[in-house]
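Contents: one structure, followed by commentary.
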Amino acid sequence: MNKKWMIGTLALSLGLVSAGSGALAATPTVGNTTVKTVAASLPGKEGPATINNLTVKSIIPLVVHAKKLYTYSNAGGNTHGMETFMYNGTEYRYLSSDLGSRQQLMNYIKRGFTHNAAAFYAQTQFIEVNGRMAQINEDIGNQLQYDKATAVMVSKTATTAVFELSVPQPNGQGDNADVVVKLKKVNGYWRIDMSPDTLF
């Protein structure tokens, strides 16, 4: 064994030098090498959408998650550089490139909704023009505070459930709205089984 390595190993073991400094260190340092781990997730399997035990408490994060999906898609996605056009006398806007095809839109909505609910939403609220998804250029939907809702279970089986939510109005204006939410278990996870536009 090389004398430098022996002395370096002895110095390290006795704590005379740190592993990252000194000429006798066994492994020289070359800058700060940090490895970042990024979690990859399949569409529909991130965050609150991974709920497999549905309760009056776990439904609220799922509904809040679904509302975010609806709000983003209903606004046309990333609205930076939005393209508009006229069709049959009505102004439409193309969806952003991350939602631009029917399949992309469906995959996005299915992160919180069943396939049938997503298909109904895509069919009734959007049109396809030159292979791109578009919608009427207006913002719709309610401003109810789903994150502050309370839930009551109306019925539940192994694969279906119905909850009634009491949802506060924005800024506490008026009585809470009563909202019925129908759900279905898909591949082990609960999804909302009604079109986003009928819920929000």
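Chain identifiers are assigned as A, B, and so on, following the order in which chains appear in the structure tokens; residues are numbered from 1 within each chain, and ligands are numbered from 1 in order of appearance.
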
Subject >> All residues 12 Å or closer to stretch 84-87 of chain A, only C-alpha atoms, same chain fewer than 3 positions away omitted, as a ChimeraX atom specification >> reply: /A:76,79,81,90-96,127-129,133-138

Generate a file of the selected residues that holds N, CA and C atoms, formatted as a PDB file, in the first residue's frame.
ATOM      1  N   GLY A  76     -58.825  27.448 -19.782  1.00  0.00           N
ATOM      2  CA  GLY A  76     -58.067  27.234 -21.011  1.00  0.00           C
ATOM      3  C   GLY A  76     -56.642  26.774 -20.767  1.00  0.00           C
ATOM      4  N   THR A  79     -52.875  30.439 -19.609  1.00  0.00           N
ATOM      5  CA  THR A  79     -53.470  31.480 -20.456  1.00  0.00           C
ATOM      6  C   THR A  79     -52.461  32.462 -21.039  1.00  0.00           C
ATOM      7  N   GLY A  81     -50.345  34.014 -23.607  1.00  0.00           N
ATOM      8  CA  GLY A  81     -50.338  33.934 -25.069  1.00  0.00           C
ATOM      9  C   GLY A  81     -51.566  33.240 -25.633  1.00  0.00           C
ATOM     10  N   THR A  90     -69.311  33.265 -32.473  1.00  0.00           N
ATOM     11  CA  THR A  90     -68.932  33.258 -31.059  1.00  0.00           C
ATOM     12  C   THR A  90     -67.415  33.216 -30.944  1.00  0.00           C
ATOM     13  N   GLU A  91     -66.876  33.970 -29.978  1.00  0.00           N
ATOM     14  CA  GLU A  91     -65.426  33.957 -29.772  1.00  0.00           C
ATOM     15  C   GLU A  91     -65.021  32.726 -28.959  1.00  0.00           C
ATOM     16  N   TYR A  92     -64.045  32.000 -29.475  1.00  0.00           N
ATOM     17  CA  TYR A  92     -63.492  30.817 -28.816  1.00  0.00           C
ATOM     18  C   TYR A  92     -62.026  31.060 -28.507  1.00  0.00           C
ATOM     19  N   ARG A  93     -61.481  30.253 -27.605  1.00  0.00           N
ATOM     20  CA  ARG A  93     -60.045  30.276 -27.326  1.00  0.00           C
ATOM     21  C   ARG A  93     -59.524  28.845 -27.385  1.00  0.00           C
ATOM     22  N   TYR A  94     -58.306  28.714 -27.921  1.00  0.00           N
ATOM     23  CA  TYR A  94     -57.648  27.413 -27.911  1.00  0.00           C
ATOM     24  C   TYR A  94     -57.138  27.135 -26.502  1.00  0.00           C
ATOM     25  N   LEU A  95     -57.129  25.867 -26.124  1.00  0.00           N
ATOM     26  CA  LEU A  95     -56.529  25.486 -24.853  1.00  0.00           C
ATOM     27  C   LEU A  95     -55.012  25.529 -24.998  1.00  0.00           C
ATOM     28  N   SER A  96     -54.323  25.709 -23.887  1.00  0.00           N
ATOM     29  CA  SER A  96     -52.859  25.738 -23.925  1.00  0.00           C
ATOM     30  C   SER A  96     -52.325  24.375 -24.364  1.00  0.00           C
ATOM     31  N   ILE A 127     -64.721  22.123 -28.123  1.00  0.00           N
ATOM     32  CA  ILE A 127     -64.799  21.688 -29.513  1.00  0.00           C
ATOM     33  C   ILE A 127     -63.376  21.414 -29.988  1.00  0.00           C
ATOM     34  N   GLU A 128     -63.275  20.634 -31.038  1.00  0.00           N
ATOM     35  CA  GLU A 128     -61.971  20.347 -31.617  1.00  0.00           C
ATOM     36  C   GLU A 128     -61.899  21.022 -32.979  1.00  0.00           C
ATOM     37  N   VAL A 129     -60.903  21.891 -33.152  1.00  0.00           N
ATOM     38  CA  VAL A 129     -60.730  22.633 -34.396  1.00  0.00           C
ATOM     39  C   VAL A 129     -59.302  22.412 -34.877  1.00  0.00           C
ATOM     40  N   MET A 133     -57.991  21.469 -29.154  1.00  0.00           N
ATOM     41  CA  MET A 133     -59.171  21.679 -28.328  1.00  0.00           C
ATOM     42  C   MET A 133     -59.366  23.173 -28.076  1.00  0.00           C
ATOM     43  N   ALA A 134     -60.633  23.584 -28.096  1.00  0.00           N
ATOM     44  CA  ALA A 134     -60.975  24.989 -27.872  1.00  0.00           C
ATOM     45  C   ALA A 134     -62.274  25.056 -27.080  1.00  0.00           C
ATOM     46  N   GLN A 135     -62.548  26.240 -26.536  1.00  0.00           N
ATOM     47  CA  GLN A 135     -63.767  26.455 -25.766  1.00  0.00           C
ATOM     48  C   GLN A 135     -64.222  27.897 -25.951  1.00  0.00           C
ATOM     49  N   ILE A 136     -65.473  28.150 -25.620  1.00  0.00           N
ATOM     50  CA  ILE A 136     -65.984  29.522 -25.679  1.00  0.00           C
ATOM     51  C   ILE A 136     -65.130  30.384 -24.755  1.00  0.00           C
ATOM     52  N   ASN A 137     -64.797  31.578 -25.215  1.00  0.00           N
ATOM     53  CA  ASN A 137     -63.902  32.460 -24.474  1.00  0.00           C
ATOM     54  C   ASN A 137     -64.668  33.224 -23.396  1.00  0.00           C
ATOM     55  N   GLU A 138     -64.988  32.520 -22.312  1.00  0.00           N
ATOM     56  CA  GLU A 138     -65.618  33.138 -21.148  1.00  0.00           C
ATOM     57  C   GLU A 138     -65.294  32.296 -19.927  1.00  0.00           C
TER      58      GLU A 138
END

Original post:
If you run DSSP on this backbone, which residues of stretch 49-130 of chain A come out as alpha helix (DSSP H), and could you give them as a PyMOL selection string?
Top reply: chain A and resi 59-74+102-109+115-125

Give me the stretch 67-93 of chain A side of the contact with stretch 143-164 of chain A, cut-off 12 Å, one line per residue showing its nearest atom pair and distance in Å at one decimal, counting only C-alpha atoms, sorted by chain and residue number, as JSON lines.
{"residue": "A:Lys67", "atom": "CA", "partner": "A:Tyr146", "partner_atom": "CA", "distance": 8.0}
{"residue": "A:Lys68", "atom": "CA", "partner": "A:Tyr146", "partner_atom": "CA", "distance": 10.4}
{"residue": "A:Thr71", "atom": "CA", "partner": "A:Gln143", "partner_atom": "CA", "distance": 10.2}

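The interatomic distance for the pair atom CA of A:Pro170 and atom CA of A:Trp190 works out to 27.2 Å.
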
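In this comparison, which uses only C-alpha atoms, the residue of A:Phe126, A:Gly174, A:Leu62, A:Val56 approaching A:Tyr189 most closely is A:Leu62.
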
Subject >> Shell of 9 Å around A:Ser97, only C-alpha atoms, local chain residues under 6 positions omitted, as a PyMOL selection string >> reply: chain A and resi 77-78+104+132

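Rounded to one decimal, atom CA of A:Pro196 and atom CA of A:Ala49 lie 15.0 Å from each other.
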
**OP:** Point out the residue among A:Leu69, A:Leu165, A:Leu54, A:Val181 with the least atom-to-atom distance to A:Arg111, counting only C-alpha atoms.
**Re:** A:Leu69

Original post:
Quick one: residues within 9 Å of A:Asp197, only C-alpha atoms counted, chain neighbours fewer than 5 positions away excluded, as a ChimeraX atom specification?
Top reply: /A:70,74,121,125,140-141

Okay, now the selection with all heavy atoms, as an mmCIF file, in the first residue's frame?
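Done, and the output landed in again11.cif:
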data_model
loop_
_atom_site.group_PDB
_atom_site.id
_atom_site.type_symbol
_atom_site.label_atom_id
_atom_site.label_comp_id
_atom_site.auth_asym_id
_atom_site.auth_seq_id
_atom_site.Cartn_x
_atom_site.Cartn_y
_atom_site.Cartn_z
ATOM 1 N N TYR A 70 -60.611 21.490 -12.585
ATOM 2 C CA TYR A 70 -61.672 22.151 -13.338
ATOM 3 C C TYR A 70 -61.308 23.605 -13.635
ATOM 4 O O TYR A 70 -61.444 24.070 -14.769
ATOM 5 C CB TYR A 70 -62.988 22.090 -12.558
ATOM 6 C CG TYR A 70 -64.056 22.983 -13.146
ATOM 7 C CD1 TYR A 70 -64.694 22.637 -14.335
ATOM 8 C CD2 TYR A 70 -64.417 24.173 -12.527
ATOM 9 C CE1 TYR A 70 -65.667 23.459 -14.889
ATOM 10 C CE2 TYR A 70 -65.388 24.993 -13.070
ATOM 11 C CZ TYR A 70 -66.010 24.635 -14.253
ATOM 12 O OH TYR A 70 -66.960 25.454 -14.804
ATOM 13 N N ASN A 74 -60.971 24.880 -17.303
ATOM 14 C CA ASN A 74 -62.042 25.797 -17.681
ATOM 15 C C ASN A 74 -61.507 27.167 -18.083
ATOM 16 O O ASN A 74 -62.133 27.888 -18.854
ATOM 17 C CB ASN A 74 -63.040 25.938 -16.532
ATOM 18 C CG ASN A 74 -64.281 26.665 -16.955
ATOM 19 O OD1 ASN A 74 -64.932 26.279 -17.917
ATOM 20 N ND2 ASN A 74 -64.611 27.731 -16.260
ATOM 21 N N TYR A 121 -67.566 15.911 -20.058
ATOM 22 C CA TYR A 121 -67.064 17.286 -19.955
ATOM 23 C C TYR A 121 -66.377 17.709 -21.251
ATOM 24 O O TYR A 121 -66.658 18.781 -21.795
ATOM 25 C CB TYR A 121 -66.106 17.363 -18.764
ATOM 26 C CG TYR A 121 -65.453 18.701 -18.519
ATOM 27 C CD1 TYR A 121 -66.201 19.846 -18.297
ATOM 28 C CD2 TYR A 121 -64.065 18.801 -18.463
ATOM 29 C CE1 TYR A 121 -65.587 21.067 -18.037
ATOM 30 C CE2 TYR A 121 -63.445 20.013 -18.196
ATOM 31 C CZ TYR A 121 -64.210 21.143 -17.990
ATOM 32 O OH TYR A 121 -63.598 22.345 -17.734
ATOM 33 N N GLN A 125 -68.301 20.685 -23.333
ATOM 34 C CA GLN A 125 -67.772 22.012 -23.019
ATOM 35 C C GLN A 125 -66.665 22.480 -23.959
ATOM 36 O O GLN A 125 -66.198 23.611 -23.844
ATOM 37 C CB GLN A 125 -67.248 22.038 -21.576
ATOM 38 C CG GLN A 125 -68.300 21.688 -20.541
ATOM 39 C CD GLN A 125 -69.471 22.650 -20.560
ATOM 40 O OE1 GLN A 125 -69.295 23.866 -20.524
ATOM 41 N NE2 GLN A 125 -70.679 22.110 -20.636
ATOM 42 N N ILE A 140 -66.514 30.678 -16.468
ATOM 43 C CA ILE A 140 -67.724 30.280 -15.756
ATOM 44 C C ILE A 140 -67.317 29.477 -14.528
ATOM 45 O O ILE A 140 -66.151 29.161 -14.339
ATOM 46 C CB ILE A 140 -68.672 29.454 -16.662
ATOM 47 C CG1 ILE A 140 -67.935 28.235 -17.238
ATOM 48 C CG2 ILE A 140 -69.242 30.310 -17.769
ATOM 49 C CD1 ILE A 140 -68.829 27.315 -18.033
ATOM 50 N N GLY A 141 -68.275 29.122 -13.727
ATOM 51 C CA GLY A 141 -67.998 28.350 -12.519
ATOM 52 C C GLY A 141 -68.344 29.173 -11.296
ATOM 53 O O GLY A 141 -68.574 30.372 -11.372
#

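Going from atom CA of A:Thr50 over to atom CA of A:Asp139, you cover 28.9 Å.
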
**OP:** Would you mind writing down, as a PyMOL selection string, each residue of stretch 44-192 of chain A that DSSP on the backbone assigns to strand (DSSP E or B)?
**Re:** chain A and resi 84-87+90-94+113+127-129+132-136+150-156+160-167+177-186+189-192
